[in-house]
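Asks: run.txt is reproduced below (compact mmCIF, C-alpha atoms).
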```txt
# COMPACT_ATOMS: atom_id res chain seq x y z
CA MET A 98 -7.25 0.95 15.27
CA LYS A 99 -8.03 4.41 16.66
CA PRO A 100 -11.33 3.45 18.34
CA LYS A 101 -9.60 0.58 20.14
CA ILE A 102 -6.85 2.90 21.38
CA ILE A 103 -9.38 5.49 22.56
CA LEU A 104 -11.32 2.80 24.40
CA ILE A 105 -8.15 1.64 26.19
CA LEU A 106 -7.17 5.22 27.04
CA SER A 107 -10.65 5.94 28.39
CA GLU A 108 -10.46 2.91 30.65
CA ILE A 109 -7.11 4.12 32.02
CA ARG A 110 -8.12 7.78 32.48
CA PRO A 111 -11.93 7.96 32.22
CA GLU A 112 -11.96 11.62 33.27
CA PHE A 113 -10.38 12.80 29.98
CA ASP A 114 -11.50 13.07 26.35
CA PHE A 115 -8.82 11.37 24.26
CA ASP A 116 -10.53 12.05 20.94
CA SER A 117 -8.64 15.32 20.72
CA GLN A 118 -5.48 16.85 19.26
CA ILE A 119 -3.99 17.77 22.61
CA ASN A 120 -0.60 16.37 23.67
CA PHE A 121 -1.59 13.75 26.26
CA ILE A 122 1.79 13.75 28.02
CA GLU A 123 2.49 17.49 28.16
CA SER A 124 -1.08 18.23 29.25
CA GLY A 125 -0.80 15.73 32.11
CA MET A 126 -3.57 13.48 30.80
CA LEU A 127 -1.11 10.57 30.88
CA ASP A 128 1.76 10.12 33.32
CA SER A 129 4.51 7.51 33.21
CA PHE A 130 2.41 5.06 35.26
CA ASP A 131 -0.46 5.46 32.79
CA VAL A 132 1.98 4.67 29.99
CA VAL A 133 2.87 1.39 31.74
CA SER A 134 -0.83 0.48 31.94
CA LEU A 135 -1.32 1.61 28.33
CA VAL A 136 1.58 -0.48 27.00
CA THR A 137 0.33 -3.53 28.91
CA ALA A 138 -3.17 -3.06 27.47
CA LEU A 139 -1.93 -2.42 23.91
CA ASP A 140 0.34 -5.49 24.06
CA GLU A 141 -2.63 -7.59 25.10
CA GLU A 142 -5.16 -6.07 22.70
CA PHE A 143 -2.94 -6.29 19.62
CA ASN A 144 -0.96 -9.40 20.66
CA ILE A 145 2.40 -7.65 20.40
CA SER A 146 5.22 -6.70 22.73
CA ILE A 147 6.16 -3.06 22.41
CA ASP A 148 9.95 -2.83 22.67
CA GLY A 149 11.19 -1.22 25.87
CA LEU A 150 13.13 1.33 23.84
CA ASP A 151 9.89 2.42 22.16
CA ILE A 152 8.37 3.26 25.55
CA VAL A 153 9.19 6.95 25.37
CA PRO A 154 6.76 9.87 25.85
CA GLU A 155 6.73 10.94 22.19
CA ASN A 156 5.26 7.58 21.12
CA PHE A 157 2.25 8.07 23.41
CA SER A 158 1.72 11.82 23.21
CA THR A 159 -1.05 11.75 20.57
CA LEU A 160 -3.38 9.25 18.92
CA GLU A 161 -1.44 9.66 15.67
CA ALA A 162 1.83 8.81 17.42
CA MET A 163 0.29 5.66 18.88
CA VAL A 164 -1.15 4.63 15.52
CA ALA A 165 2.29 5.10 13.94
CA LEU A 166 3.91 3.04 16.69
CA LEU A 167 1.40 0.20 16.41
CA THR A 168 1.64 0.26 12.61
CA LYS A 169 5.38 -0.37 13.01
CA TYR A 170 4.47 -3.60 14.82
CA GLY A 171 2.18 -4.67 11.97
CA CYS A 172 -1.08 -3.78 13.76
CA LYS A 173 -4.08 -2.78 11.68
CA MET B 265 34.76 -6.51 30.45
CA TYR B 266 34.82 -10.31 30.48
CA LEU B 267 36.24 -12.26 33.42
CA SER B 268 36.61 -16.01 33.39
CA PHE B 269 37.02 -18.57 36.17
CA LYS B 270 37.37 -22.35 36.44
CA ASN B 271 37.38 -24.96 39.19
CA LYS B 272 35.03 -23.03 41.45
CA ARG B 273 31.39 -23.42 42.39
CA ILE B 274 28.51 -22.16 44.46
CA ALA B 275 27.98 -24.73 47.22
CA GLN B 276 25.14 -23.14 49.23
CA ILE B 277 22.69 -20.29 49.00
CA LEU B 278 20.49 -19.35 51.95
CA SER B 279 18.06 -16.41 51.75
CA VAL B 280 16.81 -14.62 54.86
CA LEU B 281 13.51 -12.72 54.82
CA PRO B 282 12.20 -10.40 57.54
CA ASN B 283 8.81 -11.44 58.93
CA LYS B 284 6.92 -8.18 58.50
CA GLU B 285 4.74 -8.35 55.39
CA VAL B 286 3.12 -5.26 53.89
CA LEU B 287 0.27 -5.48 51.38
CA PHE B 288 0.02 -3.01 48.50
CA GLU B 289 -3.68 -2.49 49.18
CA ASP B 290 -2.90 -1.33 52.71
CA GLU B 291 -0.70 1.49 51.41
CA MET B 292 -2.62 2.56 48.29
CA GLU B 293 -4.01 5.65 49.96
CA ASN B 294 -0.46 7.04 50.30
CA TYR B 295 0.02 7.28 46.55
CA ASN B 296 -2.50 9.87 45.44
CA PHE B 297 -3.94 7.55 42.76
CA THR B 298 -7.48 6.35 42.17
CA ILE B 299 -8.15 2.80 43.36
CA ALA B 300 -8.77 1.70 39.76
CA LYS B 301 -5.43 3.09 38.62
CA SER B 302 -3.60 1.55 41.56
CA LEU B 303 -5.09 -1.87 40.81
CA LYS B 304 -4.09 -1.62 37.13
CA LEU B 305 -0.54 -0.80 38.21
CA LYS B 306 -0.57 -3.62 40.70
CA ALA B 307 -1.11 -6.09 37.87
CA ALA B 308 1.36 -4.48 35.45
CA MET B 309 4.20 -3.70 37.83
CA GLY B 310 3.86 -6.62 40.21
CA TYR B 311 2.86 -4.55 43.24
CA ASN B 312 1.56 -7.02 45.76
CA LYS B 313 3.37 -7.99 48.96
CA ARG B 314 6.73 -7.00 50.32
CA ARG B 315 8.80 -7.99 53.32
CA ILE B 316 10.39 -5.24 55.37
CA ALA B 317 12.57 -5.27 58.46
CA GLU B 318 11.17 -4.18 61.82
CA ASP B 319 12.55 -0.93 63.21
CA GLY B 320 16.09 -1.45 64.44
CA THR B 321 16.79 -4.57 62.40
CA THR B 322 19.89 -4.04 60.27
CA SER B 323 21.78 -5.74 57.48
CA SER B 324 24.12 -7.44 59.96
CA ASP B 325 21.16 -8.85 61.93
CA LEU B 326 19.78 -10.61 58.85
CA CYS B 327 23.24 -11.88 57.86
CA ILE B 328 24.06 -13.12 61.36
CA HIS B 329 20.74 -14.96 61.48
CA GLY B 330 21.55 -16.70 58.21
CA LEU B 331 25.08 -17.64 59.24
CA GLU B 332 23.88 -18.91 62.62
CA TYR B 333 21.39 -21.15 60.83
CA LEU B 334 24.13 -22.66 58.66
CA PHE B 335 26.48 -23.13 61.64
CA ASN B 336 23.77 -24.67 63.82
CA LYS B 337 22.73 -27.09 61.09
CA ASP B 338 26.38 -28.08 60.54
CA LEU B 339 26.12 -26.91 56.95
CA LEU B 340 29.06 -24.54 57.35
CA ASN B 341 32.16 -24.79 59.52
CA LYS B 342 33.44 -21.50 60.97
CA GLU B 343 37.07 -22.61 60.67
CA GLU B 344 36.75 -23.14 56.93
CA ILE B 345 35.81 -19.54 56.10
CA ASP B 346 38.78 -17.79 54.49
CA ALA B 347 36.97 -14.67 53.32
CA LEU B 348 33.78 -12.86 54.30
CA ILE B 349 32.40 -10.41 51.77
CA LEU B 350 29.35 -8.25 52.45
CA VAL B 351 27.66 -6.46 49.57
CA THR B 352 25.32 -3.80 50.92
CA GLN B 353 24.15 -0.23 50.50
CA THR B 354 22.93 -0.19 54.09
CA PRO B 355 25.89 -0.95 56.35
CA ASP B 356 25.35 -0.78 60.11
CA TYR B 357 27.82 2.10 60.37
CA ILE B 358 29.88 4.34 58.07
CA MET B 359 32.82 2.78 59.92
CA PRO B 360 33.80 0.06 60.83
CA PRO B 361 32.99 -2.32 57.96
CA THR B 362 29.93 -4.42 58.77
CA SER B 363 31.74 -7.56 57.54
CA ASN B 364 34.28 -7.05 60.36
CA ILE B 365 31.43 -6.69 62.86
CA ILE B 366 29.97 -10.00 61.67
CA GLN B 367 33.41 -11.65 61.84
CA GLY B 368 33.76 -10.40 65.41
CA HIS B 369 30.26 -11.55 66.38
CA PHE B 370 31.15 -15.14 65.54
CA SER B 371 34.80 -14.91 66.68
CA LEU B 372 35.89 -16.15 63.28
CA LYS B 373 39.60 -16.77 62.77
CA GLN B 374 41.82 -13.72 62.28
CA ASP B 375 43.64 -15.25 59.33
CA MET B 376 40.99 -14.23 56.85
CA VAL B 377 39.78 -11.41 54.59
CA CYS B 378 36.73 -9.26 55.43
CA MET B 379 35.46 -6.80 52.88
CA ASP B 380 32.39 -4.55 52.45
CA ILE B 381 31.35 -3.69 48.90
CA ASN B 382 28.98 -0.78 48.28
CA GLN B 383 26.81 -2.00 45.40
CA GLY B 384 23.08 -2.27 44.82
CA CYS B 385 21.00 -4.14 42.30
CA ALA B 386 24.07 -5.54 40.49
CA GLY B 387 25.72 -6.27 43.83
CA TYR B 388 25.17 -10.02 43.86
CA VAL B 389 26.88 -10.43 40.50
CA ILE B 390 29.74 -8.15 41.59
CA GLY B 391 30.02 -10.09 44.85
CA LEU B 392 30.21 -13.42 43.02
CA MET B 393 32.93 -12.01 40.77
CA GLN B 394 34.93 -10.78 43.78
CA SER B 395 34.47 -14.12 45.56
CA PHE B 396 35.78 -16.08 42.60
CA MET B 397 38.74 -13.68 42.34
CA LEU B 398 39.62 -14.40 45.97
CA LEU B 399 39.31 -18.14 45.33
CA GLU B 400 42.09 -17.82 42.74
CA GLN B 401 44.45 -17.47 45.72
CA GLU B 402 46.09 -20.59 47.10
CA ALA B 403 45.32 -19.54 50.69
CA ILE B 404 41.59 -19.13 50.08
CA ASN B 405 39.44 -22.22 49.70
CA LYS B 406 36.05 -21.07 50.92
CA VAL B 407 34.39 -17.66 50.64
CA VAL B 408 31.16 -16.56 52.29
CA LEU B 409 29.39 -13.90 50.24
CA LEU B 410 26.78 -11.96 52.19
CA ASN B 411 24.37 -9.73 50.32
CA ALA B 412 21.98 -7.66 52.41
CA ASP B 413 19.94 -4.50 52.12
CA VAL B 414 17.54 -2.88 54.56
CA LEU B 415 16.51 0.04 52.39
CA SER B 416 12.87 0.35 53.43
CA PRO B 417 13.63 2.99 56.13
CA LYS B 418 15.26 5.08 53.41
CA VAL B 419 12.16 5.20 51.19
CA SER B 420 9.40 7.75 51.62
CA LYS B 421 6.01 6.14 52.25
CA LYS B 422 4.57 8.69 49.82
CA ASP B 423 6.96 7.89 46.95
CA ARG B 424 4.94 5.81 44.54
CA ASN B 425 8.02 5.29 42.32
CA SER B 426 9.79 3.22 44.95
CA ASN B 427 7.77 2.49 48.08
CA PRO B 428 5.30 -0.05 46.60
CA LEU B 429 8.22 -2.21 45.49
CA ILE B 430 10.99 -1.92 48.03
CA GLY B 431 11.75 -4.93 50.20
CA ASP B 432 14.45 -5.94 52.67
CA ALA B 433 16.34 -9.23 52.63
CA ALA B 434 19.70 -10.90 52.96
CA SER B 435 21.47 -13.92 51.51
CA VAL B 436 24.42 -16.09 52.42
CA THR B 437 26.24 -17.72 49.51
CA VAL B 438 29.09 -20.15 50.10
CA LEU B 439 31.61 -20.48 47.30
CA GLU B 440 34.45 -22.97 47.13
CA LYS B 441 37.08 -24.57 44.95
CA THR B 442 36.14 -27.71 43.09
CA ILE B 443 37.46 -29.99 40.35
CA ASN B 444 35.23 -28.80 37.55
CA HIS B 445 36.59 -27.34 34.38
CA THR B 446 33.32 -25.74 33.28
CA GLU B 447 34.10 -22.10 32.65
CA ILE B 448 32.25 -19.41 34.61
CA VAL B 449 32.23 -16.17 32.61
CA PHE B 450 31.19 -12.73 33.82
CA SER B 451 30.46 -9.62 31.80
CA ILE B 452 30.56 -6.44 33.89
CA LYS B 453 29.94 -2.85 32.81
CA MET B 454 29.83 0.50 34.63
CA ASN B 455 28.74 4.02 33.73
CA GLY B 456 29.40 6.57 36.44
CA GLU B 457 27.99 9.34 34.25
CA GLY B 458 24.59 7.98 35.25
CA ALA B 459 25.49 7.65 38.92
CA PHE B 460 22.73 9.94 40.17
CA ALA B 461 19.85 8.14 38.47
CA LEU B 462 19.52 6.20 41.74
CA GLN B 463 20.63 8.05 44.83
CA ILE B 464 20.15 8.88 48.48
CA PRO B 465 21.21 12.55 48.33
CA ALA B 466 21.90 13.17 52.04
CA GLY B 467 23.80 11.24 54.66
CA GLY B 468 27.29 11.20 53.21
CA ALA B 469 30.12 13.73 53.37
CA LYS B 470 28.78 15.85 50.49
CA LEU B 471 25.47 16.50 52.26
CA PRO B 472 25.28 15.35 55.88
CA ASN B 473 21.83 14.68 57.35
CA ASN B 474 20.35 17.73 59.06
CA ASP B 475 16.96 19.29 59.75
CA GLN B 476 16.76 20.67 56.19
CA THR B 477 17.52 17.36 54.48
CA ALA B 478 14.70 15.75 56.49
CA ILE B 479 12.03 18.09 55.07
CA SER B 480 9.64 16.27 52.76
CA GLU B 481 8.89 18.02 49.46
CA GLU B 482 6.59 17.23 46.53
CA ASP B 483 8.25 16.50 43.17
CA ALA B 484 6.83 17.25 39.73
CA HIS B 485 5.00 13.91 39.67
CA GLY B 486 3.25 14.21 43.03
CA ASN B 487 5.69 12.11 45.06
CA PHE B 488 6.72 13.33 48.49
CA ARG B 489 10.24 12.65 49.72
CA SER B 490 13.13 14.33 51.52
CA LYS B 491 16.82 14.38 50.69
CA ASP B 492 17.29 11.65 53.30
CA HIS B 493 15.22 9.34 51.11
CA LEU B 494 16.03 7.18 48.11
CA VAL B 495 15.25 8.92 44.83
CA MET B 496 14.98 7.03 41.57
CA LYS B 497 14.66 8.63 38.17
CA GLY B 498 12.35 5.91 36.94
CA ASP B 499 12.33 6.83 33.26
CA GLU B 500 16.13 7.02 33.07
CA VAL B 501 16.56 3.72 34.87
CA PHE B 502 13.99 1.99 32.66
CA ASN B 503 15.69 3.25 29.49
CA PHE B 504 19.12 2.28 30.81
CA VAL B 505 17.99 -1.26 31.55
CA GLN B 506 16.15 -1.73 28.26
CA SER B 507 19.02 -0.37 26.18
CA GLU B 508 22.01 -1.93 27.98
CA VAL B 509 20.95 -5.28 29.48
CA PRO B 510 19.73 -7.13 26.34
CA PRO B 511 22.99 -6.60 24.39
CA LEU B 512 24.99 -7.55 27.51
CA ILE B 513 23.15 -10.88 27.72
CA LEU B 514 23.25 -11.61 23.99
CA GLU B 515 26.97 -10.81 23.81
CA LEU B 516 27.70 -12.97 26.86
CA LEU B 517 25.82 -15.89 25.28
CA SER B 518 27.80 -15.41 22.07
CA GLN B 519 31.11 -15.04 23.92
CA THR B 520 30.52 -18.31 25.77
CA HIS B 521 29.15 -20.16 22.70
CA HIS B 522 25.72 -20.69 24.22
CA ASP B 523 22.36 -20.54 22.50
CA LYS B 524 19.51 -18.91 24.41
CA GLU B 525 17.93 -22.35 24.81
CA ASP B 526 21.05 -23.75 26.52
CA ILE B 527 20.18 -21.69 29.60
CA ASP B 528 17.67 -23.36 31.90
CA TYR B 529 16.67 -20.15 33.69
CA TYR B 530 17.47 -16.47 33.45
CA MET B 531 17.55 -15.45 37.11
CA PHE B 532 17.61 -11.68 36.94
CA HIS B 533 17.39 -8.95 39.52
CA GLN B 534 13.69 -8.10 39.93
CA PRO B 535 12.99 -4.34 39.92
CA ASN B 536 9.39 -4.80 38.76
CA LYS B 537 7.38 -7.25 36.70
CA PHE B 538 6.84 -4.91 33.74
CA MET B 539 10.56 -4.26 33.27
CA LEU B 540 11.37 -7.97 33.45
CA GLN B 541 8.72 -8.95 30.92
CA LYS B 542 10.00 -6.32 28.51
CA LEU B 543 13.55 -7.61 29.02
CA ALA B 544 12.51 -11.21 28.34
CA ASP B 545 10.68 -10.15 25.16
CA LYS B 546 13.59 -8.03 23.96
CA ILE B 547 16.19 -10.76 24.60
CA GLY B 548 13.85 -13.24 22.91
CA ILE B 549 13.27 -15.76 25.67
CA ALA B 550 10.04 -17.15 27.09
CA ARG B 551 8.77 -15.16 30.06
CA ASP B 552 8.56 -18.31 32.19
CA LYS B 553 12.32 -18.76 31.78
CA MET B 554 12.79 -15.44 33.61
CA PRO B 555 10.82 -15.61 36.86
CA SER B 556 9.26 -12.33 38.01
CA ASN B 557 7.47 -13.51 41.14
CA ILE B 558 10.02 -12.38 43.75
CA VAL B 559 9.11 -8.69 43.48
CA GLU B 560 5.41 -9.63 43.77
CA GLU B 561 5.81 -11.89 46.78
CA PHE B 562 8.67 -10.26 48.70
CA GLY B 563 9.49 -6.90 47.08
CA ASN B 564 12.62 -5.60 45.38
CA SER B 565 15.48 -6.16 47.82
CA SER B 566 18.19 -4.82 45.47
CA GLY B 567 20.80 -7.44 44.57
CA VAL B 568 19.32 -9.98 46.98
CA THR B 569 16.45 -10.58 44.55
CA ILE B 570 18.86 -12.81 42.58
CA PRO B 571 19.79 -15.32 45.31
CA LEU B 572 16.20 -15.15 46.64
CA ASN B 573 14.97 -15.85 43.12
CA ILE B 574 17.18 -18.95 43.07
CA THR B 575 16.34 -20.29 46.54
CA HIS B 576 12.60 -19.60 46.25
CA ASN B 577 12.08 -20.83 42.71
CA LEU B 578 14.67 -23.54 42.16
CA SER B 579 14.99 -25.39 45.48
CA ASN B 580 12.48 -28.02 44.33
CA ILE B 581 13.87 -28.28 40.79
CA LEU B 582 17.61 -28.41 41.39
CA PRO B 583 17.81 -31.78 43.16
CA GLU B 584 16.46 -33.39 39.99
CA LYS B 585 18.71 -31.72 37.47
CA LYS B 586 21.94 -29.75 37.27
CA LEU B 587 20.98 -26.27 36.06
CA LYS B 588 22.71 -23.80 33.80
CA LEU B 589 21.74 -20.29 34.86
CA CYS B 590 22.25 -16.82 33.52
CA LEU B 591 22.31 -14.35 36.42
CA SER B 592 22.06 -10.62 35.80
CA GLY B 593 21.92 -7.54 37.98
CA PHE B 594 21.55 -3.91 36.94
CA GLY B 595 21.04 -0.63 38.71
CA VAL B 596 22.77 1.85 40.97
CA GLY B 597 26.14 3.01 39.77
CA LEU B 598 25.12 2.67 37.02
CA THR B 599 26.31 -0.94 37.06
CA TRP B 600 25.17 -3.88 35.00
CA GLY B 601 26.58 -7.36 34.83
CA ALA B 602 25.79 -10.98 34.12
CA THR B 603 27.28 -14.43 34.50
CA ILE B 604 26.55 -17.88 33.19
CA ILE B 605 27.06 -20.48 35.88
CA ASP B 606 26.09 -24.09 36.56
CA LEU B 607 24.45 -25.11 39.82
CA ASP B 608 25.19 -28.72 40.79
CA LYS B 609 22.31 -30.93 41.94
CA ASP B 610 23.72 -31.06 45.44
CA THR B 611 23.85 -27.27 45.87
CA TYR B 612 22.08 -26.39 49.11
CA LEU B 613 19.23 -23.91 48.53
CA ASN B 614 16.90 -22.66 51.24
CA THR B 615 14.84 -19.65 52.28
CA ILE B 616 14.24 -18.88 55.96
CA ASN B 617 12.54 -16.17 57.98
CA TYR B 618 14.42 -13.86 60.32
CA LYS B 619 13.76 -14.18 64.04
CA LYS B 620 15.09 -11.76 66.64
```
Would you put the structure from the file into structure tokens?
Replies:
Amino acid sequence: MKPKIILILSEIRPEFDFDSQINFIESGMLDSFDVVSLVTALDEEFNISIDGLDIVPENFSTLEAMVALLTKYGCK
Amino acid sequence: MYLSFKNKRIAQILSVLPNKEVLFEDEMENYNFTIAKSLKLKAAMGYNKRRIAEDGTTSSDLCIHGLEYLFNKDLLNKEEIDALILVTQTPDYIMPPTSNIIQGHFSLKQDMVCMDINQGCAGYVIGLMQSFMLLEQEAINKVVLLNADVLSPKVSKKDRNSNPLIGDAASVTVLEKTINHTEIVFSIKMNGEGAFALQIPAGGAKLPNNDQTAISEEDAHGNFRSKDHLVMKGDEVFNFVQSEVPPLILELLSQTHHDKEDIDYYMFHQPNKFMLQKLADKIGIARDKMPSNIVEEFGNSSGVTIPLNITHNLSNILPEKKLKLCLSGFGVGLTWGATIIDLDKDTYLNTINYKK
């Protein structure tokens, strides 16, 4: 799952290295508009619909947080 | 709060669009984004085209144009209008009420009620509720509900939260008594603790417009706006809509003993495509039952997106089949509301362009 997420993130913000432990939101690597693009891409890639109430910064701040979120939707 | 009405109907809805069309691509350079990022957002959010009023065109101009059209086509008789309600956040003046100005323009009868209501994205639903309340009176048989906003002059061109979406428009809805026992139920909710999630800070008594309020400043996200401009806390508004609107709709369906499938279309206010698709998914209805094309084709014109949604998308469908609709508006206030209402096959629906 992680490689797919990194690929999507790299398409959204190609100037950053997302294979890192840094907090993507706090560091400014992702803003709220990026999160919209990210959710749209994740929905499409994993054939899910991330609940609007799950679209909060903490669920997209690290790769681990995103893996945990997608796991909740049954993604592998 | 639930409110229930009987023996009333919507007879006509006419939407009025300004002619000036702005393309998202033509304004992308204002937003401090890469082209690739802007194009991704265009697809996700529904940034595309929007209609805005020419300088000097006001809410009353759009409304007067719509009413003139109905009068000239003999679709509405001036003498029959017992109440004129205008829902707007952009009145022509602080005083007098713009509804009175419109009444005066047409020399409508004096034995009537004129009323301005300051409401935004939920304004059409609030206006319908108020119209039906007036129709409860013996003396009132026909109400004209005007809904108009010309907010584009109040949005900074360098505010990527709001400017790519904002549109101007107006609608004229004629409501009347009828012999039809089908219940029309509204659910309305308000939360003034969130009142400043959507705001124009300057221009009222608390902070009059002055040289200081006109100074454009950069916010933490790279948007430039002054205190004279609309400011929207996008994250707060998104969370409010996603947390409050789905239960409102599901509870209204339950209260009125409807299944989701009983509703032909969910005609919601259209803030942006992404928010609408998430709402449809959360409520558990097919995305094509909740059109999201108005914001893409005309922009977000506050509450007017609901009547425009109806006239633009249903005018070819309605003559074939009576429709059961769920209308919902949500936004400034914070205010959120919904109603389930039938539209008869003979309901007049049309969309026209404004001409000076």
Asks: Can you measure CA of Thr159 in chain A to CA of Ser117 in chain A for me? One decimal in Å is fine.
Replies: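 Result for CA of Thr159 in chain A versus CA of Ser117 in chain A: 8.4 Å, one decimal.
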Asks: Taking into account only C-alpha atoms, which residue in the set B:Gln394, B:Thr352, B:Ser279, B:Gln541 is nearest to Val133 in chain A?
Replies: B:Gln541
Asks: Return the neighbours of chain B among the residues of chain A, cut-off 12 Å, counting only C-alpha atoms, as a PyMOL selection string.
Replies: chain A and resi 106-112+125+127-138+140-141+145-154
Asks: Please determine, counting all atoms listed in the file, which residue among A:Leu104, A:Ile119, A:Leu167, A:Asp114 has the shortest atom-to-atom distance to Phe143 in chain A.
Replies: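 Looking at the shortest contact to Phe143 in chain A, the residue is A:Leu167.
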Asks: Could you check how far CA of Gln463 in chain B sits from CA of Gly595 in chain B, in Å to one decimal?
Replies: 10.6 Å
Asks: May I ask for the distance between CA of Gln534 in chain B and CA of Leu166 in chain A, given in Å to one decimal place?
Replies: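 Between CA of Gln534 in chain B and CA of Leu166 in chain A the gap is 27.6 Å.
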Asks: From the set B:Asn271, B:Thr611, B:Ser426, B:Thr362, which residue has the shortest atom-to-atom contact distance to Ile581 in chain B, counting all atoms listed in the file?
Replies: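 For Ile581 in chain B, the nearest of the candidates is B:Thr611.
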Asks: From the set B:Ile366, B:Leu303, B:Leu494, B:Leu340, which residue has the shortest atom-to-atom contact distance to Val438 in chain B, counting only C-alpha atoms?
Replies: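 Between B:Ile366, B:Leu303, B:Leu494, B:Leu340, the residue approaching Val438 in chain B most closely is B:Leu340.
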Asks: Where's the centre, and what are the edge lengths in Å to one decimal, of a box along x, y and z enclosing all listed atoms of range 146-152 of chain A padded 8 Å per side, as lines of an AutoDock Vina configuration file?
Replies:
```
center_x = 9.2
center_y = -1.7
center_z = 24.0
size_x = 23.9
size_y = 26.0
size_z = 19.7
```
Asks: Pick the closest to Asp528 in chain B from B:Ile604, B:Ala403, B:Ala386, B:Leu281: which is it, counting only C-alpha atoms?
Replies: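 Distance minimum relative to Asp528 in chain B lands on B:Ile604.
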Asks: Pick out the residues sitting within 8 Å of Leu139 in chain A, and hand them over as an mmCIF file with C-alpha atoms, in the coordinates of the input; count all atoms listed in the file, and ignore anything fewer than 5 positions along from it in its own chain.
Replies:
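Done, and the output landed in selection33.cif:
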```cif
data_model
loop_
_atom_site.group_PDB
_atom_site.id
_atom_site.type_symbol
_atom_site.label_atom_id
_atom_site.label_comp_id
_atom_site.auth_asym_id
_atom_site.auth_seq_id
_atom_site.Cartn_x
_atom_site.Cartn_y
_atom_site.Cartn_z
ATOM 1 C CA ILE A 102 -6.850 2.900 21.380
ATOM 2 C CA ILE A 105 -8.150 1.640 26.190
ATOM 3 C CA ASN A 144 -0.960 -9.400 20.660
ATOM 4 C CA ILE A 145 2.400 -7.650 20.400
#
```
Asks: Would you mind telling me which residue in B:Lys418, B:Lys284, B:Arg314, B:Lys586 lies nearest to Lys619 in chain B when using all atoms listed in the file?
Replies: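 The shortest atom-to-atom distance to Lys619 in chain B comes from B:Lys284.
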